[in-house]
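Text of input.cif, listed as mmCIF, C-alpha atoms:
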data_query
loop_
_atom_site.label_atom_id
_atom_site.label_comp_id
_atom_site.auth_asym_id
_atom_site.auth_seq_id
_atom_site.Cartn_x
_atom_site.Cartn_y
_atom_site.Cartn_z
CA MET A 1 2.56 -36.93 0.12
CA ASP A 2 4.16 -37.67 -3.24
CA SER A 3 0.99 -39.25 -4.67
CA PHE A 4 -1.09 -36.39 -3.29
CA LEU A 5 1.23 -33.89 -4.97
CA ILE A 6 1.08 -35.74 -8.27
CA GLU A 7 -2.71 -36.17 -8.14
CA TRP A 8 -3.60 -32.61 -7.13
CA GLY A 9 -0.47 -30.82 -8.22
CA LEU A 10 -1.51 -29.64 -11.67
CA PRO A 11 -4.91 -28.25 -10.61
CA ALA A 12 -3.25 -26.56 -7.64
CA LEU A 13 -0.50 -25.21 -9.90
CA PHE A 14 -3.10 -23.73 -12.25
CA CYS A 15 -4.93 -22.02 -9.38
CA VAL A 16 -1.80 -20.70 -7.68
CA SER A 17 -0.38 -19.51 -11.02
CA PHE A 18 -3.64 -17.74 -11.84
CA LEU A 19 -3.77 -15.98 -8.47
CA ALA A 20 -0.08 -15.08 -8.63
CA ALA A 21 -0.73 -13.11 -11.83
CA THR A 22 -3.27 -10.92 -10.09
CA VAL A 23 -2.31 -8.42 -7.44
CA LEU A 24 -2.28 -11.07 -4.69
CA PRO A 25 1.18 -11.35 -3.17
CA ILE A 26 1.76 -15.06 -3.80
CA ALA A 27 4.26 -16.96 -5.91
CA SER A 28 3.79 -20.06 -8.05
CA GLU A 29 7.41 -20.92 -8.78
CA TRP A 30 7.85 -23.00 -5.61
CA LEU A 31 4.96 -25.31 -6.56
CA LEU A 32 6.22 -25.72 -10.12
CA ALA A 33 9.67 -26.62 -8.79
CA ALA A 34 8.19 -29.14 -6.34
CA LEU A 35 6.12 -30.76 -9.08
CA VAL A 36 8.90 -31.15 -11.62
CA ALA A 37 11.12 -32.62 -8.90
CA GLN A 38 8.54 -35.47 -8.84
CA PRO A 39 8.06 -37.90 -11.71
CA LEU A 40 5.72 -35.47 -13.45
CA ASP A 41 5.87 -34.39 -17.08
CA LEU A 42 7.82 -31.14 -17.26
CA THR A 43 5.97 -29.99 -20.39
CA SER A 44 2.56 -30.43 -18.74
CA ALA A 45 3.63 -28.56 -15.62
CA VAL A 46 5.05 -25.65 -17.64
CA ALA A 47 1.94 -25.53 -19.85
CA VAL A 48 -0.43 -25.52 -16.85
CA ALA A 49 1.56 -22.85 -14.99
CA THR A 50 1.78 -20.70 -18.12
CA ALA A 51 -1.94 -21.04 -18.85
CA GLY A 52 -2.96 -20.15 -15.30
CA ASN A 53 -0.56 -17.24 -15.05
CA THR A 54 -1.53 -15.90 -18.47
CA LEU A 55 -5.25 -16.08 -17.65
CA GLY A 56 -4.57 -14.21 -14.42
CA ALA A 57 -2.73 -11.55 -16.41
CA ILE A 58 -5.69 -11.31 -18.82
CA THR A 59 -7.93 -10.74 -15.80
CA THR A 60 -5.70 -7.85 -14.73
CA TRP A 61 -5.70 -6.54 -18.34
CA ALA A 62 -9.54 -6.68 -18.34
CA ILE A 63 -9.65 -4.68 -15.13
CA GLY A 64 -7.48 -2.08 -16.85
CA VAL A 65 -9.80 -2.01 -19.88
CA TRP A 66 -13.08 -1.79 -17.97
CA GLY A 67 -12.22 -1.00 -14.36
CA GLY A 68 -11.02 2.55 -14.55
CA ALA A 69 -8.77 4.52 -12.26
CA TRP A 70 -11.04 4.19 -9.21
CA VAL A 71 -10.82 0.38 -9.23
CA ILE A 72 -7.06 0.53 -9.67
CA ARG A 73 -6.53 2.88 -6.73
CA ARG A 74 -9.22 1.69 -4.32
CA TRP A 75 -9.63 -2.01 -4.96
CA LEU A 76 -6.32 -3.15 -6.42
CA ARG A 77 -4.27 -0.71 -4.36
CA ILE A 78 -1.57 -0.38 -7.01
CA SER A 79 0.62 2.43 -5.80
CA ASP A 80 1.26 5.52 -7.87
CA ASN A 81 4.97 4.63 -7.89
CA ASP A 82 4.35 1.14 -9.35
CA ARG A 83 1.92 2.58 -11.90
CA ILE A 84 4.38 5.32 -12.91
CA ARG A 85 7.20 2.75 -13.20
CA ALA A 86 5.03 0.56 -15.45
CA GLU A 87 4.01 3.56 -17.55
CA SER A 88 7.67 4.51 -18.04
CA TRP A 89 8.41 0.97 -19.29
CA TYR A 90 5.54 1.39 -21.76
CA ALA A 91 6.80 4.80 -22.83
CA ARG A 92 10.20 3.32 -23.59
CA TRP A 93 9.38 -0.16 -24.93
CA GLY A 94 5.71 -0.02 -25.91
CA SER A 95 3.72 -3.22 -25.74
CA TRP A 96 6.97 -5.23 -26.06
CA SER A 97 7.42 -4.54 -22.35
CA LEU A 98 4.68 -7.12 -21.79
CA LEU A 99 7.32 -9.79 -22.37
CA LEU A 100 8.44 -8.82 -18.85
CA ALA A 101 5.01 -9.18 -17.23
CA TRP A 102 6.42 -12.03 -15.13
CA LEU A 103 8.70 -9.67 -13.18
CA PRO A 104 7.92 -9.00 -9.52
CA ILE A 105 6.62 -5.54 -8.59
CA VAL A 106 6.12 -4.19 -12.15
CA GLY A 107 4.54 -7.25 -13.81
CA ASP A 108 0.98 -6.74 -12.55
CA PRO A 109 1.03 -2.99 -13.21
CA LEU A 110 2.37 -3.68 -16.73
CA CYS A 111 -0.64 -5.89 -17.41
CA LEU A 112 -2.97 -3.29 -15.94
CA ILE A 113 -1.42 -0.50 -18.01
CA GLY A 114 -1.76 -2.75 -21.06
CA GLY A 115 -5.48 -2.80 -20.38
CA LEU A 116 -5.69 0.91 -19.68
CA LEU A 117 -3.91 1.60 -22.97
CA LYS A 118 -6.20 -0.90 -24.72
CA VAL A 119 -3.44 -3.14 -26.08
CA PRO A 120 -5.34 -5.61 -28.30
CA LEU A 121 -6.10 -8.85 -26.45
CA MET A 122 -4.37 -11.13 -28.98
CA ARG A 123 -1.15 -9.09 -28.91
CA PHE A 124 -1.31 -8.83 -25.12
CA THR A 125 -1.84 -12.57 -24.71
CA LEU A 126 0.92 -13.54 -27.13
CA LEU A 127 3.52 -11.27 -25.50
CA VAL A 128 2.57 -12.09 -21.91
CA ALA A 129 2.33 -15.85 -22.51
CA THR A 130 5.71 -15.88 -24.27
CA GLY A 131 7.48 -14.19 -21.37
CA LYS A 132 5.73 -16.28 -18.74
CA ALA A 133 6.38 -19.55 -20.60
CA ALA A 134 10.08 -18.75 -20.91
CA ARG A 135 10.31 -18.02 -17.19
CA TYR A 136 8.45 -21.19 -16.18
CA LEU A 137 10.49 -23.31 -18.57
CA LEU A 138 13.72 -22.00 -17.07
CA ILE A 139 12.48 -22.61 -13.52
CA ALA A 140 11.26 -26.12 -14.36
CA TRP A 141 14.49 -27.02 -16.13
CA ALA A 142 16.59 -25.77 -13.19
CA ALA A 143 14.42 -27.58 -10.64
CA ARG A 144 14.63 -30.83 -12.60
CA LYS A 145 18.44 -30.51 -12.86
CA ILE A 146 18.76 -29.85 -9.13
CA ALA A 147 16.41 -32.76 -8.27
CA SER A 148 18.26 -35.30 -10.42
#
Could you rewrite the structure in this file as C-alpha cells?
Amino acid sequence: MDSFLIEWGLPALFCVSFLAATVLPIASEWLLAALVAQPLDLTSAVAVATAGNTLGAITTWAIGVWGGAWVIRRWLRISDNDRIRAESWYARWGSWSLLLAWLPIVGDPLCLIGGLLKVPLMRFTLLVATGKAARYLLIAWAARKIAS
C-alpha cells in the first residue's frame, strides 16, 4: 500500500484537490496528510495540492465569468444564502476576501462571485493560490509532525 500511495499519490492528490475546489463535496486534506506521513517530499505534495486546488477555483471563477445566474442556480446549486454570504464578504473585504477561498461553505461561492464580478484572472489566481498554499502548508507541516 505504501508504494502504491507514493507512486500514485501525487496524481491522485492533484485530481482530488482540483475536484475539491469545485462545488463537489469532497476534501483533499486527508490525502495530503496521508502522503506527507510517507517518505514523500513535503514541498512537492504542497505544490501539487495547491496547483490542483487553484485550477479548480479558476474553473469556478470561469463559470462565474461566463456561466451566468442560470448555471449558478440550476447546475451548481449554490444556495441563495451561500451566495449572499459570499457577496457580503466581497462587500466588506473586496477581492482580498479571495485569500479565504479555502474555507468550507463560502470558499466556492467566493470564487464564483469573483468571476461574476470579473476580478482579473491574475489577481484572482494570486490571491486564491496564496491562501490555498498557506492552508496546505500548515496541514502538511502538522501531518508530518504528527507522523514523526
Residues within 12 Å of Ala143 of chain A, only C-alpha atoms, excluding chain neighbours under 3 positions, as a VMD selection string: chain A and resid 29 to 38 42 45 to 46 136 to 140 146 to 148
Put those residues in a file: C-alpha atoms, as an mmCIF file, keeping the file's coordinate frame.
data_model
loop_
_atom_site.group_PDB
_atom_site.id
_atom_site.type_symbol
_atom_site.label_atom_id
_atom_site.label_comp_id
_atom_site.auth_asym_id
_atom_site.auth_seq_id
_atom_site.Cartn_x
_atom_site.Cartn_y
_atom_site.Cartn_z
ATOM 1 C CA GLU A 29 7.410 -20.920 -8.780
ATOM 2 C CA TRP A 30 7.850 -23.000 -5.610
ATOM 3 C CA LEU A 31 4.960 -25.310 -6.560
ATOM 4 C CA LEU A 32 6.220 -25.720 -10.120
ATOM 5 C CA ALA A 33 9.670 -26.620 -8.790
ATOM 6 C CA ALA A 34 8.190 -29.140 -6.340
ATOM 7 C CA LEU A 35 6.120 -30.760 -9.080
ATOM 8 C CA VAL A 36 8.900 -31.150 -11.620
ATOM 9 C CA ALA A 37 11.120 -32.620 -8.900
ATOM 10 C CA GLN A 38 8.540 -35.470 -8.840
ATOM 11 C CA LEU A 42 7.820 -31.140 -17.260
ATOM 12 C CA ALA A 45 3.630 -28.560 -15.620
ATOM 13 C CA VAL A 46 5.050 -25.650 -17.640
ATOM 14 C CA TYR A 136 8.450 -21.190 -16.180
ATOM 15 C CA LEU A 137 10.490 -23.310 -18.570
ATOM 16 C CA LEU A 138 13.720 -22.000 -17.070
ATOM 17 C CA ILE A 139 12.480 -22.610 -13.520
ATOM 18 C CA ALA A 140 11.260 -26.120 -14.360
ATOM 19 C CA ILE A 146 18.760 -29.850 -9.130
ATOM 20 C CA ALA A 147 16.410 -32.760 -8.270
ATOM 21 C CA SER A 148 18.260 -35.300 -10.420
#
I'd like the neighbourhood of segment 112-125 of chain A as number ranges by chain, where a residue qualifies if any of its atoms comes within 8 Å (using all atoms listed in the file), though same-chain residues fewer than 5 positions away should be ignored. A: 54, 58, 60-65, 68, 83, 86-87, 95, 98
Point out the residue among A:Ile105, A:Ile84, A:Ala57, A:Ala91 with the least atom-to-atom distance to Leu127 of chain A, counting all atoms listed in the file.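 Selected residue with least distance to Leu127 of chain A: A:Ala57.
In this model, the gap between atom CA of Phe14 of chain A and atom CA of Ala47 of chain A comes to 9.3 Å.
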Write out as a ChimeraX atom specification which residues come within 10 Å of Asp82 of chain A when counting only C-alpha atoms, dropping same-chain ones fewer than 5 positions away. /A:87-88,105-110
What does the file look like for those residues with C-alpha atoms, as a PDB file, in the coordinates of the input?
ATOM      1  CA  GLU A  87       4.010   3.560 -17.550  1.00  0.00           C
ATOM      2  CA  SER A  88       7.670   4.510 -18.040  1.00  0.00           C
ATOM      3  CA  ILE A 105       6.620  -5.540  -8.590  1.00  0.00           C
ATOM      4  CA  VAL A 106       6.120  -4.190 -12.150  1.00  0.00           C
ATOM      5  CA  GLY A 107       4.540  -7.250 -13.810  1.00  0.00           C
ATOM      6  CA  ASP A 108       0.980  -6.740 -12.550  1.00  0.00           C
ATOM      7  CA  PRO A 109       1.030  -2.990 -13.210  1.00  0.00           C
ATOM      8  CA  LEU A 110       2.370  -3.680 -16.730  1.00  0.00           C
TER       9      LEU A 110
END
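Taking atom CA of Gly131 of chain A and atom CA of Trp102 of chain A as the two end points, the separation is 6.7 Å.
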Find the residues near segment 15-21 of chain A: any atom within 7 Å, counting only C-alpha atoms, skip ones fewer than 3 places away on the same chain, and give them as a list in words.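 The contact residues come out as Pro11, Ala12, Leu24, Pro25, Ile26, Ala27, Ser28, Ala49, Gly52, Asn53, Leu55, Gly56, Ala57 and Asp108 of chain A.
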One decimal, Å: what's the distance from atom CA of Thr59 of chain A over to atom CA of Ser97 of chain A, could you say?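 Computing it gives 17.8 Å between the two atoms.
Checking A:Ala101, A:Val128, A:Ala133, A:Ala142 one by one against Ser44 of chain A, counting only C-alpha atoms, you find the shortest gap at A:Ala133.
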Contacts of Ala129 of chain A at 8 Å or less, counting only C-alpha atoms, minus same-chain residues fewer than 6 places along, as a list in words?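 Skipping anything fewer than 6 positions along the chain leaves Thr50, Ala51, Thr54 and Leu99 of chain A.
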Specify the axis-aligned box that encloses all atoms of segment 18-22 of chain A listed in the file after padding of 3 Å on each side, stating its centre and edge lengths in Å to one decimal as lines of an AutoDock Vina configuration file.
center_x = -1.9
center_y = -14.3
center_z = -10.2
size_x = 9.7
size_y = 12.8
size_z = 9.4
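The smallest atom-to-atom distance between Leu103 of chain A and any of A:Arg144, A:Ser79, A:Lys132, A:Val48, using all atoms listed in the file, is found for A:Lys132.
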I'd like to know which of A:Asp41, A:Thr22, A:Trp93, A:Glu7 is closest to Cys111 of chain A, using all atoms listed in the file.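 Nearest candidate to Cys111 of chain A out of A:Asp41, A:Thr22, A:Trp93, A:Glu7: A:Thr22.
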